[in-house]
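Asks: The structure follows.
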Amino acid sequence: MKQWVEHFNGRMDAWGRKLHEKEIRIPIDLVTGLVFALFALMVLLVMPDQVAISEKDVVNGRAFPTLLMTVMLLCCAMLIGKEVYKLATKQPLNWKVINVQVEAKALAILGILLGTYFLSKWTGLFVVGAVFCCLGFLLYFRCRKKSYYSITLVIAVAIWAAFRFVLGVGF
């Protein structure tokens, strides 16, 4: 087990060194306007299938989200228009430099959290996701003490057992 952890840490270090040097430069206002415009359009397209309406309701459940997404689309259009105008008049755009290593770390944390959710969902047991989350974060942050692993796992299972069997909370 110790060799596997050392091998895993060595690979993480090698990837970190490679990714530390890589940076991406993007026009942040233009990209943000486009991304959120696509998001608003997606919400507007999906909403009829997701939110049912009743004929007797004066204001239905789609009214506020539709208004919100419409306002978002208008603001995105203004932001994109401003950036296109800057491009046409050769004015400087707002650029953001993104370090790939920092974003890869954030994606790894997101992956652990998504793995926790999906394991809990697929197995129907929250404790399985909690154990995965504990082990995932301890490995990610390169914890070397075996006692930390055992303490964290015991506490995670104890909290789950207390909620499940003592308080009667089914999750």
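Chains: A, B, ... in order of the structure tokens. Residues: from 1 per chain. Ligands: from 1, in order shown.
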Can you list, as a PyMOL selection string, every protein, DNA or RNA residue that comes within 9 Å of range 123-128 of chain A when you count only C-alpha atoms, leaving out same-chain residues fewer than 2 positions away?
Replies: chain A and resi 116-121+130-133+156-157+160-161+171
Asks: Could you write those residues out with N, CA, C and O atoms, as an mmCIF file, in the first residue's frame?
Replies:
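See out_16.cif below for the written result:
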data_model
loop_
_atom_site.group_PDB
_atom_site.id
_atom_site.type_symbol
_atom_site.label_atom_id
_atom_site.label_comp_id
_atom_site.auth_asym_id
_atom_site.auth_seq_id
_atom_site.Cartn_x
_atom_site.Cartn_y
_atom_site.Cartn_z
ATOM 1 N N THR A 116 -18.316 11.277 -4.648
ATOM 2 C CA THR A 116 -19.039 11.068 -3.391
ATOM 3 C C THR A 116 -20.540 11.042 -3.642
ATOM 4 O O THR A 116 -21.243 10.146 -3.167
ATOM 5 N N TYR A 117 -21.021 12.015 -4.396
ATOM 6 C CA TYR A 117 -22.457 12.089 -4.688
ATOM 7 C C TYR A 117 -22.925 10.854 -5.450
ATOM 8 O O TYR A 117 -23.939 10.237 -5.091
ATOM 9 N N PHE A 118 -22.213 10.506 -6.528
ATOM 10 C CA PHE A 118 -22.670 9.388 -7.360
ATOM 11 C C PHE A 118 -22.575 8.054 -6.626
ATOM 12 O O PHE A 118 -23.440 7.197 -6.793
ATOM 13 N N LEU A 119 -21.555 7.850 -5.815
ATOM 14 C CA LEU A 119 -21.479 6.610 -5.032
ATOM 15 C C LEU A 119 -22.637 6.522 -4.044
ATOM 16 O O LEU A 119 -23.231 5.452 -3.864
ATOM 17 N N SER A 120 -22.943 7.636 -3.401
ATOM 18 C CA SER A 120 -24.073 7.643 -2.468
ATOM 19 C C SER A 120 -25.384 7.390 -3.204
ATOM 20 O O SER A 120 -26.251 6.663 -2.720
ATOM 21 N N LYS A 121 -25.531 7.990 -4.372
ATOM 22 C CA LYS A 121 -26.762 7.852 -5.151
ATOM 23 C C LYS A 121 -26.932 6.424 -5.687
ATOM 24 O O LYS A 121 -28.006 5.841 -5.590
ATOM 25 N N ALA A 130 -19.495 8.852 1.919
ATOM 26 C CA ALA A 130 -18.723 9.530 2.967
ATOM 27 C C ALA A 130 -17.342 8.904 3.119
ATOM 28 O O ALA A 130 -16.339 9.617 3.273
ATOM 29 N N VAL A 131 -17.274 7.591 3.065
ATOM 30 C CA VAL A 131 -15.970 6.912 3.161
ATOM 31 C C VAL A 131 -15.105 7.263 1.956
ATOM 32 O O VAL A 131 -13.914 7.556 2.093
ATOM 33 N N PHE A 132 -15.704 7.266 0.758
ATOM 34 C CA PHE A 132 -14.954 7.662 -0.440
ATOM 35 C C PHE A 132 -14.455 9.093 -0.324
ATOM 36 O O PHE A 132 -13.310 9.394 -0.676
ATOM 37 N N CYS A 133 -15.298 9.985 0.166
ATOM 38 C CA CYS A 133 -14.917 11.390 0.316
ATOM 39 C C CYS A 133 -13.754 11.527 1.297
ATOM 40 O O CYS A 133 -12.781 12.237 1.025
ATOM 41 N N ALA A 156 -16.550 9.231 10.396
ATOM 42 C CA ALA A 156 -17.544 9.294 9.320
ATOM 43 C C ALA A 156 -18.611 8.215 9.502
ATOM 44 O O ALA A 156 -19.810 8.489 9.387
ATOM 45 N N VAL A 157 -18.197 6.992 9.806
ATOM 46 C CA VAL A 157 -19.151 5.902 10.001
ATOM 47 C C VAL A 157 -19.965 6.129 11.276
ATOM 48 O O VAL A 157 -21.177 5.871 11.300
ATOM 49 N N TRP A 160 -22.635 8.730 10.543
ATOM 50 C CA TRP A 160 -23.693 8.116 9.748
ATOM 51 C C TRP A 160 -24.561 7.217 10.619
ATOM 52 O O TRP A 160 -25.800 7.274 10.554
ATOM 53 N N ALA A 161 -23.937 6.375 11.454
ATOM 54 C CA ALA A 161 -24.685 5.456 12.319
ATOM 55 C C ALA A 161 -25.548 6.223 13.320
ATOM 56 O O ALA A 161 -26.692 5.831 13.594
ATOM 57 N N PHE A 171 -30.854 8.546 4.981
ATOM 58 C CA PHE A 171 -30.229 9.239 3.857
ATOM 59 C C PHE A 171 -29.166 8.385 3.250
ATOM 60 O O PHE A 171 -28.699 7.434 3.762
#
Asks: Taking the DSSP assignment computed from this structure's backbone, write out as number ranges by chain all residues of chain A that belong to helix (DSSP H, G or I).
Replies: A: 2-20, 28-50, 63-88, 100-123, 126-140, 146-166
Asks: Quick one: everything within 10 Å of Glu21 in chain A, counting only C-alpha atoms, minus sequence neighbours fewer than 5 positions away in the same chain. Send it as number ranges by chain.
Replies: A: 16, 99-101
Asks: Please return, as a ChimeraX atom specification, all residues of range 51-127 of chain A that DSSP assigns to strand (DSSP E or B) on the basis of the backbone.
Replies: /A:95-99
Asks: Write the residues of the preceding selection, restricted to all heavy atoms, as a CSV table (one decimal), in the first residue's frame.
Replies:
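The result, written out as selection.csv:
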chain,number,residue,atom,x,y,z
A,95,TRP,N,-8.2,40.6,-20.5
A,95,TRP,CA,-7.7,39.3,-20.6
A,95,TRP,C,-7.4,38.7,-19.2
A,95,TRP,O,-7.1,39.4,-18.3
A,95,TRP,CB,-6.4,39.2,-21.4
A,95,TRP,CG,-6.6,39.5,-22.8
A,95,TRP,CD1,-6.6,40.8,-23.4
A,95,TRP,CD2,-6.8,38.6,-23.9
A,95,TRP,NE1,-6.9,40.6,-24.8
A,95,TRP,CE2,-7.0,39.3,-25.1
A,95,TRP,CE3,-6.9,37.2,-23.9
A,95,TRP,CZ2,-7.2,38.7,-26.3
A,95,TRP,CZ3,-7.1,36.6,-25.1
A,95,TRP,CH2,-7.3,37.3,-26.3
A,96,LYS,N,-7.6,37.4,-19.1
A,96,LYS,CA,-7.4,36.7,-17.8
A,96,LYS,C,-6.4,35.5,-18.1
A,96,LYS,O,-6.6,34.8,-19.1
A,96,LYS,CB,-8.7,36.1,-17.3
A,96,LYS,CG,-8.6,35.3,-16.1
A,96,LYS,CD,-8.5,36.1,-14.8
A,96,LYS,CE,-8.6,35.1,-13.6
A,96,LYS,NZ,-8.2,35.7,-12.4
A,97,VAL,N,-5.4,35.4,-17.3
A,97,VAL,CA,-4.4,34.3,-17.4
A,97,VAL,C,-4.8,33.3,-16.4
A,97,VAL,O,-4.9,33.5,-15.2
A,97,VAL,CB,-3.0,34.8,-17.2
A,97,VAL,CG1,-2.0,33.7,-17.3
A,97,VAL,CG2,-2.7,35.9,-18.3
A,98,ILE,N,-5.0,32.1,-16.9
A,98,ILE,CA,-5.4,31.0,-16.0
A,98,ILE,C,-4.3,29.9,-16.0
A,98,ILE,O,-3.9,29.5,-17.1
A,98,ILE,CB,-6.7,30.3,-16.6
A,98,ILE,CG1,-7.9,31.3,-16.6
A,98,ILE,CG2,-7.1,29.1,-15.8
A,98,ILE,CD1,-9.1,30.8,-17.2
A,99,ASN,N,-3.8,29.6,-14.8
A,99,ASN,CA,-2.8,28.6,-14.6
A,99,ASN,C,-3.5,27.2,-14.6
A,99,ASN,O,-4.4,27.0,-13.9
A,99,ASN,CB,-2.1,28.8,-13.3
A,99,ASN,CG,-0.9,27.9,-13.2
A,99,ASN,OD1,-1.1,26.7,-13.2
A,99,ASN,ND2,0.3,28.5,-13.0
Asks: Counting only C-alpha atoms, figure out which residue out of A:Leu68, A:Val35, A:Cys143, A:Leu45 gets nearest to Asn9 in chain A.
Replies: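 That would be A:Cys143, the residue with the smallest distance to Asn9 in chain A.
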Asks: Interatomic distance between CA of Lys82 in chain A and CA of Leu30 in chain A?
Replies: 8.7 Å
